[in-house]
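**Student:** Enclosed is the structure file start.txt (compact mmCIF, C-alpha atoms).
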```txt
# COMPACT_ATOMS: atom_id res chain seq x y z
CA MET I 16 74.43 171.51 83.87
CA ASN I 17 78.21 171.51 83.67
CA ARG I 18 78.53 168.71 81.16
CA PHE I 19 76.44 170.61 78.62
CA PHE I 20 78.73 173.61 78.53
CA VAL I 21 81.54 172.04 76.56
CA PRO I 22 79.49 170.58 73.68
CA LEU I 23 77.31 173.68 73.66
CA GLY I 24 80.39 175.84 73.53
CA ILE I 25 81.83 173.82 70.67
CA PHE I 26 78.50 174.02 68.84
CA ALA I 27 78.32 177.78 69.36
CA GLY I 28 81.85 178.08 67.98
CA LEU I 29 80.91 176.10 64.89
CA VAL I 30 77.83 178.26 64.36
CA VAL I 31 79.99 181.38 64.45
CA LEU I 32 82.42 179.88 61.92
CA LEU I 33 79.53 178.86 59.65
CA ALA I 34 77.92 182.29 59.87
CA ALA I 35 81.21 183.96 58.99
CA GLY I 36 81.75 181.56 56.12
CA LEU I 37 78.31 182.22 54.66
CA THR I 38 79.13 185.90 54.26
CA LEU I 39 82.17 185.10 52.13
CA ASN I 40 81.83 185.05 48.36
CA PRO I 41 83.53 182.05 46.71
CA ARG I 42 83.45 183.81 43.35
CA GLU I 43 86.00 186.31 44.63
CA VAL I 44 89.21 184.44 44.19
CA PRO I 45 92.13 186.54 45.51
CA SER I 46 94.42 187.46 42.67
CA PRO I 47 98.07 186.44 42.84
CA LEU I 48 98.88 189.37 40.54
CA ILE I 49 98.50 192.06 43.19
CA GLY I 50 101.92 193.56 43.74
CA LYS I 51 103.27 192.06 40.51
CA PRO I 52 104.03 193.94 37.30
CA ALA I 53 101.10 194.14 34.90
CA PRO I 54 101.74 191.54 32.17
CA GLN I 55 103.02 193.10 28.96
CA PHE I 56 101.23 192.78 25.63
CA ARG I 57 100.69 194.61 22.37
CA LEU I 58 97.21 194.50 20.89
CA PRO I 59 95.26 196.44 18.27
CA GLN I 60 92.90 199.13 19.42
CA LEU I 61 89.17 198.60 19.12
CA HIS I 62 88.29 201.71 17.12
CA GLN I 63 91.56 201.99 15.21
CA PRO I 64 92.76 198.47 14.47
CA GLN I 65 95.85 199.72 12.66
CA SER I 66 97.11 201.29 15.90
CA THR I 67 98.27 199.19 18.81
CA PHE I 68 98.50 199.63 22.56
CA ALA I 69 100.95 198.33 25.15
CA PRO I 70 100.76 198.93 28.93
CA ASP I 71 104.34 200.20 28.85
CA GLU I 72 103.09 203.37 27.24
CA LEU I 73 101.47 204.36 30.52
CA LYS I 74 104.52 204.04 32.77
CA GLY I 75 104.71 207.06 35.02
CA LYS I 76 100.94 207.33 35.33
CA VAL I 77 98.43 205.73 37.64
CA TRP I 78 95.75 204.19 35.46
CA VAL I 79 92.73 201.92 35.52
CA LEU I 80 92.17 198.94 33.22
CA ASN I 81 88.60 197.74 32.90
CA VAL I 82 87.82 194.39 31.24
CA TRP I 83 84.45 194.53 29.47
CA ALA I 84 82.42 193.02 26.64
CA SER I 85 79.20 193.81 24.79
CA TRP I 86 77.80 190.38 25.76
CA CYS I 87 78.37 191.04 29.46
CA ALA I 88 75.21 192.11 31.30
CA ALA I 89 76.94 193.26 34.49
CA CYS I 90 79.11 195.59 32.41
CA ARG I 91 76.00 197.61 31.74
CA ASP I 92 75.41 197.89 35.49
CA GLU I 93 78.83 199.30 36.21
CA HIS I 94 78.92 201.57 33.18
CA PRO I 95 77.55 204.67 34.98
CA VAL I 96 80.17 204.24 37.71
CA LEU I 97 82.96 204.08 35.14
CA THR I 98 81.53 207.11 33.37
CA ASP I 99 81.65 208.87 36.73
CA LEU I 100 85.28 207.84 37.25
CA ALA I 101 86.20 209.18 33.83
CA ARG I 102 84.29 212.40 34.32
CA GLN I 103 85.99 213.06 37.65
CA ARG I 104 89.31 212.58 35.85
CA LEU I 105 90.59 210.43 38.72
CA ALA I 106 92.86 208.40 36.45
CA PRO I 107 93.01 207.50 32.75
CA LEU I 108 90.56 204.68 32.09
CA TYR I 109 91.41 202.07 29.48
CA GLY I 110 89.11 199.30 28.36
CA LEU I 111 90.10 195.74 27.50
CA ASN I 112 87.43 194.45 25.19
CA TYR I 113 87.43 190.73 25.97
CA LYS I 114 86.45 188.00 23.48
CA ASP I 115 84.01 190.26 21.67
CA LYS I 116 82.98 191.04 18.11
CA ARG I 117 84.48 194.31 16.97
CA ASP I 118 81.32 195.77 15.46
CA GLU I 119 79.16 194.72 18.42
CA ALA I 120 81.64 196.28 20.84
CA ILE I 121 81.74 199.54 18.90
CA ALA I 122 77.94 199.59 18.74
CA TRP I 123 77.72 198.98 22.50
CA LEU I 124 79.97 201.96 23.22
CA LYS I 125 77.99 204.12 20.85
CA ARG I 126 74.75 203.14 22.56
CA PHE I 127 75.83 203.50 26.17
CA GLY I 128 78.66 206.01 25.87
CA ASP I 129 82.44 205.53 25.78
CA PRO I 130 84.17 206.36 29.08
CA TYR I 131 87.52 204.95 27.92
CA GLU I 132 90.57 206.78 26.61
CA LEU I 133 90.63 203.87 24.23
CA SER I 134 89.63 200.22 24.20
CA ILE I 135 92.00 197.38 23.44
CA PHE I 136 90.74 194.50 21.34
CA ASP I 137 91.50 191.12 22.94
CA LEU I 138 89.78 188.81 20.48
CA ASP I 139 90.93 185.40 21.71
CA GLY I 140 91.17 186.37 25.39
CA ARG I 141 94.88 185.54 25.68
CA VAL I 142 95.70 188.80 27.39
CA GLY I 143 92.72 188.24 29.67
CA ILE I 144 94.20 184.91 30.74
CA ASP I 145 97.53 186.63 31.46
CA TYR I 146 95.66 189.02 33.73
CA GLY I 147 93.81 186.18 35.46
CA VAL I 148 90.43 187.22 34.11
CA TYR I 149 87.67 184.70 34.76
CA GLY I 150 84.53 186.75 35.33
CA VAL I 151 83.91 189.86 33.27
CA PRO I 152 83.77 192.70 34.31
CA GLU I 153 87.05 192.99 36.15
CA THR I 154 88.93 196.17 36.95
CA TYR I 155 92.60 196.76 37.78
CA VAL I 156 94.36 199.76 39.29
CA ILE I 157 97.94 199.98 38.05
CA ASP I 158 100.56 202.30 39.51
CA LYS I 159 103.26 204.49 37.96
CA LEU I 160 105.75 201.63 37.86
CA GLY I 161 103.30 199.37 36.04
CA VAL I 162 102.54 197.24 39.10
CA ILE I 163 98.99 195.96 39.68
CA ARG I 164 97.88 197.32 43.03
CA TYR I 165 94.20 196.38 43.13
CA LYS I 166 91.80 194.09 41.33
CA ARG I 167 88.03 194.21 41.47
CA ILE I 168 86.19 191.07 40.35
CA GLY I 169 82.67 191.91 39.28
CA PRO I 170 81.07 195.28 38.59
CA VAL I 171 82.49 198.39 40.19
CA THR I 172 79.86 199.85 42.49
CA PRO I 173 79.68 203.49 43.60
CA ALA I 174 80.74 202.36 47.09
CA ILE I 175 83.80 200.56 45.75
CA LEU I 176 84.74 203.56 43.66
CA LYS I 177 84.40 205.90 46.61
CA ASP I 178 85.88 203.70 49.34
CA LYS I 179 88.55 201.68 47.56
CA ILE I 180 89.47 202.85 44.08
CA ALA I 181 89.43 206.64 44.44
CA PRO I 182 91.49 206.70 47.67
CA LEU I 183 93.97 204.22 46.20
CA ILE I 184 94.45 206.30 43.07
CA ALA I 185 94.97 209.41 45.20
CA GLU I 186 97.52 207.60 47.36
CA LEU I 187 99.41 206.19 44.38
CA ASN I 188 99.49 209.63 42.77
CA ARG I 189 101.02 211.12 45.88
CA GLY I 190 103.85 208.61 46.04
CA MET N 19 53.20 164.26 20.34
CA LEU N 20 56.60 162.88 19.63
CA SER N 21 58.63 164.60 16.99
CA LEU N 22 62.04 163.08 17.04
CA GLY N 23 64.73 164.76 15.05
CA ARG N 24 68.36 163.65 15.06
CA PRO N 25 69.44 162.31 18.42
CA VAL N 26 71.39 164.97 20.35
CA TRP N 27 73.91 163.96 22.96
CA ALA N 28 74.67 166.26 25.87
CA GLY N 29 78.26 165.46 26.68
CA GLU N 30 81.81 166.73 26.65
CA ALA N 31 83.02 168.60 23.61
CA LYS N 32 84.92 166.42 21.16
CA PRO N 33 88.71 166.77 21.35
CA VAL N 34 90.15 168.96 18.65
CA ALA N 35 93.56 167.40 18.14
CA ALA N 36 94.09 164.19 16.22
CA ASP N 37 96.78 163.09 18.66
CA PRO N 38 95.21 160.79 21.29
CA ALA N 39 98.34 160.61 23.44
CA LEU N 40 98.47 164.40 23.70
CA GLU N 41 94.75 164.55 24.43
CA GLU N 42 95.21 162.07 27.23
CA ARG N 43 97.92 164.22 28.82
CA VAL N 44 95.79 167.33 28.39
CA THR N 45 92.77 165.69 30.01
CA ALA N 46 94.88 164.25 32.83
CA LEU N 47 96.22 167.69 33.69
CA ALA N 48 92.83 169.32 33.16
CA THR N 49 91.32 167.07 35.83
CA GLU N 50 93.82 168.47 38.34
CA LEU N 51 92.84 172.08 37.63
CA ARG N 52 89.68 173.88 38.67
CA CYS N 53 87.32 175.74 36.40
CA LEU N 54 87.07 179.17 38.01
CA VAL N 55 83.69 179.88 36.48
CA CYS N 56 81.97 176.64 37.53
CA GLN N 57 84.06 176.26 40.61
CA ASN N 58 83.13 172.75 41.59
CA GLN N 59 84.10 171.35 38.22
CA THR N 60 87.52 170.54 36.87
CA LEU N 61 88.83 172.10 33.68
CA ALA N 62 88.23 168.74 32.03
CA ASP N 63 84.52 168.62 32.94
CA SER N 64 83.51 172.21 32.44
CA ASN N 65 82.05 173.61 29.24
CA ALA N 66 82.51 177.23 30.27
CA PRO N 67 84.27 179.33 27.60
CA LEU N 68 87.17 180.02 29.95
CA ALA N 69 87.61 176.28 30.51
CA VAL N 70 87.75 175.72 26.75
CA ASP N 71 90.34 178.50 26.45
CA LEU N 72 92.46 177.13 29.26
CA ARG N 73 92.32 173.59 27.86
CA ASN N 74 93.56 175.02 24.58
CA GLN N 75 96.36 176.76 26.46
CA ILE N 76 97.32 173.45 28.06
CA ARG N 77 97.28 171.68 24.70
CA GLU N 78 99.38 174.37 22.99
CA ARG N 79 101.95 174.49 25.75
CA MET N 80 102.25 170.72 25.83
CA ARG N 81 102.77 170.74 22.09
CA GLU N 82 105.56 173.25 22.59
CA GLY N 83 107.14 170.87 25.06
CA ALA N 84 106.07 172.34 28.39
CA SER N 85 105.94 169.93 31.32
CA GLU N 86 102.94 169.45 33.62
CA ARG N 87 104.82 171.42 36.27
CA ASP N 88 105.46 174.31 33.87
CA ILE N 89 101.78 174.54 32.97
CA ILE N 90 100.64 174.30 36.59
CA GLY N 91 103.06 177.12 37.37
CA PHE N 92 101.57 179.16 34.52
CA MET N 93 98.03 178.72 35.88
CA VAL N 94 98.87 179.35 39.53
CA GLU N 95 100.80 182.49 38.58
CA ARG N 96 97.67 183.95 37.02
CA TYR N 97 94.84 182.46 39.05
CA GLY N 98 96.38 181.56 42.38
CA ASP N 99 96.25 178.34 44.38
CA PHE N 100 92.52 178.10 43.92
CA VAL N 101 93.02 176.89 40.35
CA LEU N 102 94.48 173.66 41.73
CA TYR N 103 91.62 171.25 42.23
CA ARG N 104 93.47 169.57 45.10
CA PRO N 105 94.44 172.26 47.63
CA PRO N 106 98.19 172.23 48.16
CA LEU N 107 99.49 171.40 51.62
CA LYS N 108 100.76 174.72 52.92
CA ALA N 109 100.80 176.54 56.22
CA THR N 110 97.51 178.19 55.29
CA THR N 111 95.78 174.95 54.32
CA VAL N 112 97.12 172.66 57.02
CA LEU N 113 93.94 173.18 59.06
CA LEU N 114 91.85 172.13 56.06
CA TRP N 115 93.77 168.90 55.57
CA VAL N 116 94.36 167.93 59.18
CA GLY N 117 91.16 169.36 60.68
CA PRO N 118 88.67 166.52 60.00
CA ILE N 119 91.06 163.78 61.18
CA ALA N 120 92.02 165.82 64.20
CA LEU N 121 88.37 166.42 65.10
CA MET N 122 87.56 162.74 64.70
CA ILE N 123 90.49 161.64 66.86
CA GLY N 124 89.56 164.31 69.39
CA GLY N 125 85.94 163.15 69.43
CA LEU N 126 86.92 159.50 69.86
CA ALA N 127 89.32 160.42 72.64
CA VAL N 128 86.60 162.26 74.52
CA LEU N 129 84.24 159.32 74.04
CA TYR N 130 86.83 156.84 75.29
CA TYR N 131 87.59 159.00 78.30
CA ARG N 132 83.91 159.39 79.19
CA LEU N 133 83.22 155.64 78.87
CA ALA N 134 86.29 154.74 80.90
CA ARG N 135 85.24 157.12 83.66
CA ARG N 136 81.72 155.75 83.70
CA ARG N 137 83.02 152.21 83.93
CA ARG N 138 85.28 153.23 86.78
CA GLU N 139 82.44 154.85 88.67
CA ALA N 140 80.16 151.87 88.15
CA ALA N 141 82.79 149.57 89.66
CA LYS N 142 83.33 151.76 92.68
CA PRO N 143 80.39 151.35 95.12
CA GLU N 144 81.32 149.06 97.97
CA LEU N 145 78.66 147.20 99.85
CA SER N 146 78.49 147.31 103.65
CA ALA N 147 78.39 144.00 105.48
CA GLU N 148 74.66 144.34 106.08
CA GLU N 149 73.93 145.12 102.42
CA ARG N 150 76.03 142.17 101.35
CA ALA N 151 74.05 139.81 103.57
CA ARG N 152 70.79 141.14 102.18
CA ALA N 153 72.05 140.73 98.64
CA ALA N 154 73.09 137.15 99.28
CA ALA N 155 69.67 136.40 100.78
CA LEU N 156 67.87 137.92 97.82
CA LEU N 157 70.01 135.99 95.41
CA ALA N 158 69.24 132.77 97.18
CA GLY N 159 65.53 133.52 96.71
CA ASP N 160 65.16 133.69 100.45
CA SER N 161 63.73 137.16 101.03
CA GLY N 162 61.88 137.53 104.29
CA ALA N 163 59.70 140.17 102.72
CA GLU N 164 58.52 137.98 99.94
CA LYS N 165 55.39 136.65 101.60
CA ARG N 166 52.52 137.24 99.19
```
Would you mind writing the file out in structure tokens?
**Tutor:**
Amino acid sequence: MNRFFVPLGIFAGLVVLLAAGLTLNPREVPSPLIGKPAPQFRLPQLHQPQSTFAPDELKGKVWVLNVWASWCAACRDEHPVLTDLARQRLAPLYGLNYKDKRDEAIAWLKRFGDPYELSIFDLDGRVGIDYGVYGVPETYVIDKLGVIRYKRIGPVTPAILKDKIAPLIAELNRG
Amino acid sequence: MLSLGRPVWAGEAKPVAADPALEERVTALATELRCLVCQNQTLADSNAPLAVDLRNQIRERMREGASERDIIGFMVERYGDFVLYRPPLKATTVLLWVGPIALMIGGLAVLYYRLARRRREAAKPELSAEERARAAALLAGDSGAEKR
């Protein structure tokens, strides 16, 4: 009976590792930008193309940047959660409209509601690349010094808003 | 019913630049980087929009004179180590690189040890004088009990 314990033990160990591995999501690539300053840019606004926006303008405030597009199905799923965030006035919410058509984006916001203070128009996706965007929607929490403190890849769920984003915003606002 | 229109090839998108040497460098570097959307493909193979964008970034930067190392740095800064198709050898990945070899060596070592022990045990049993005499008799075909 003794000689079976070691291989059985090793096998059991491997099963545990495999089980743990299967719960991990390979789509969630950890971002190297956490703890680094949010990359600077200056882009036209979606609704008012003659005006521009730069992240610098929000220094001193904790804010949330949400990357979205009218062609993105999951963005529709998270839209109510973002509307909730905006309604609760947790933090100013800004949209980065990624690789979209201006009129389609504006129509999308009209149809589903606009939770954003304003949306920024990133036509060629260059700013998205600077922010390490690879799977829209993605959401960033940025602190008063302009440092990225949290990144959510994929739609924001009510649980994530309640358990991760809202507490983080509160904490960053205290500091 | 066969209605054949123009033949359509499913393949890689045609390179945009007219400079074949540059394209070669772009493709060479693109095969070392991972497409984050289709994660088992390289940037060279993938047709995902992000892959097209990143290939364009590589091409532009190379045109501006950036080195392969500069561009790799650019990608890793934004997407992390995962964008490298070949995982770098670091403290966190040493288990990934060394693991399979270590397991194989470990397995072979255990096998060798087990076989050696079995061989040793098989060689051990000593025959008593009586058993040796019986064995000799049997071998000589002279067994008293062999009367049929």
**Student:** Could you please select, counting all atoms listed in the file, the residues of chain N within 7 Å of chain I and state them as a short mmCIF file (atom, residue, chain, number, x, y, z; two decimals) with C-alpha atoms, keeping the file's coordinate frame?
**Tutor:**
```
data_model
loop_
_atom_site.label_atom_id
_atom_site.label_comp_id
_atom_site.auth_asym_id
_atom_site.auth_seq_id
_atom_site.Cartn_x
_atom_site.Cartn_y
_atom_site.Cartn_z
CA LEU N 54 87.07 179.17 38.01
CA VAL N 55 83.69 179.88 36.48
CA LEU N 68 87.17 180.02 29.95
CA GLU N 95 100.80 182.49 38.58
CA ARG N 96 97.67 183.95 37.02
CA TYR N 97 94.84 182.46 39.05
CA GLY N 98 96.38 181.56 42.38
#
```
**Student:** So which residues touch I:Leu61 within 6 Å, counting only C-alpha atoms, skipping near sequence neighbours fewer than 6 positions away, as a PyMOL selection string?
**Tutor:** chain I and resi 134-136
**Student:** Dump C-alpha atoms for the selected residues as a tab-separated table (two decimals), in the coordinates of the input?
**Tutor:**
```
chain	number	residue	atom	x	y	z
I	134	SER	CA	89.63	200.22	24.20
I	135	ILE	CA	92.00	197.38	23.44
I	136	PHE	CA	90.74	194.50	21.34
```
**Student:** Nearest to I:Asn40: which of I:Pro182, I:Gly190, I:Gly169, I:Gly110 is it, counting only C-alpha atoms?
**Tutor:**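 Selected residue with least distance to I:Asn40: I:Gly169.
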**Student:** Mind checking which residues fall within 10 Å of I:Phe56, counting all atoms listed in the file, ignoring those fewer than 2 positions away in the same chain, and posting them as a PDB file with C-alpha atoms, in the frame of the given file?
**Tutor:**
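Contents of the output file result.pdb:
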```pdb
ATOM      1  CA  ALA I  53     101.100 194.140  34.900  1.00  0.00           C
ATOM      2  CA  PRO I  54     101.740 191.540  32.170  1.00  0.00           C
ATOM      3  CA  LEU I  58      97.210 194.500  20.890  1.00  0.00           C
ATOM      4  CA  THR I  67      98.270 199.190  18.810  1.00  0.00           C
ATOM      5  CA  PHE I  68      98.500 199.630  22.560  1.00  0.00           C
ATOM      6  CA  ALA I  69     100.950 198.330  25.150  1.00  0.00           C
ATOM      7  CA  PRO I  70     100.760 198.930  28.930  1.00  0.00           C
ATOM      8  CA  ASP I  71     104.340 200.200  28.850  1.00  0.00           C
ATOM      9  CA  ARG I 141      94.880 185.540  25.680  1.00  0.00           C
ATOM     10  CA  VAL I 142      95.700 188.800  27.390  1.00  0.00           C
ATOM     11  CA  ASP I 145      97.530 186.630  31.460  1.00  0.00           C
TER      12      ASP I 145
END
```
**Student:** Rank nothing, just name the residue among N:Ala48, N:Ala134, N:Val94, N:Leu107 nearest to N:Asp71, using all atoms listed in the file.
**Tutor:** N:Ala48
**Student:** Find the distance between atom CA of I:Thr172 and atom CA of I:Ala101 and write it in Å to one decimal.
**Tutor:**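 Going from atom CA of I:Thr172 over to atom CA of I:Ala101 covers 14.2 Å.
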**Student:** Smallest atom-to-atom distance to I:Lys166: which of I:Ala89, I:Val79, I:Leu37, I:Leu29, using all atoms listed in the file?
**Tutor:**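 Distance minimum relative to I:Lys166 lands on I:Val79.
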**Student:** Could you please determine the separation between atom CA of N:Arg77 and atom CA of N:Leu40 in Å, to one decimal place?
**Tutor:**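 The value is 7.4 Å.
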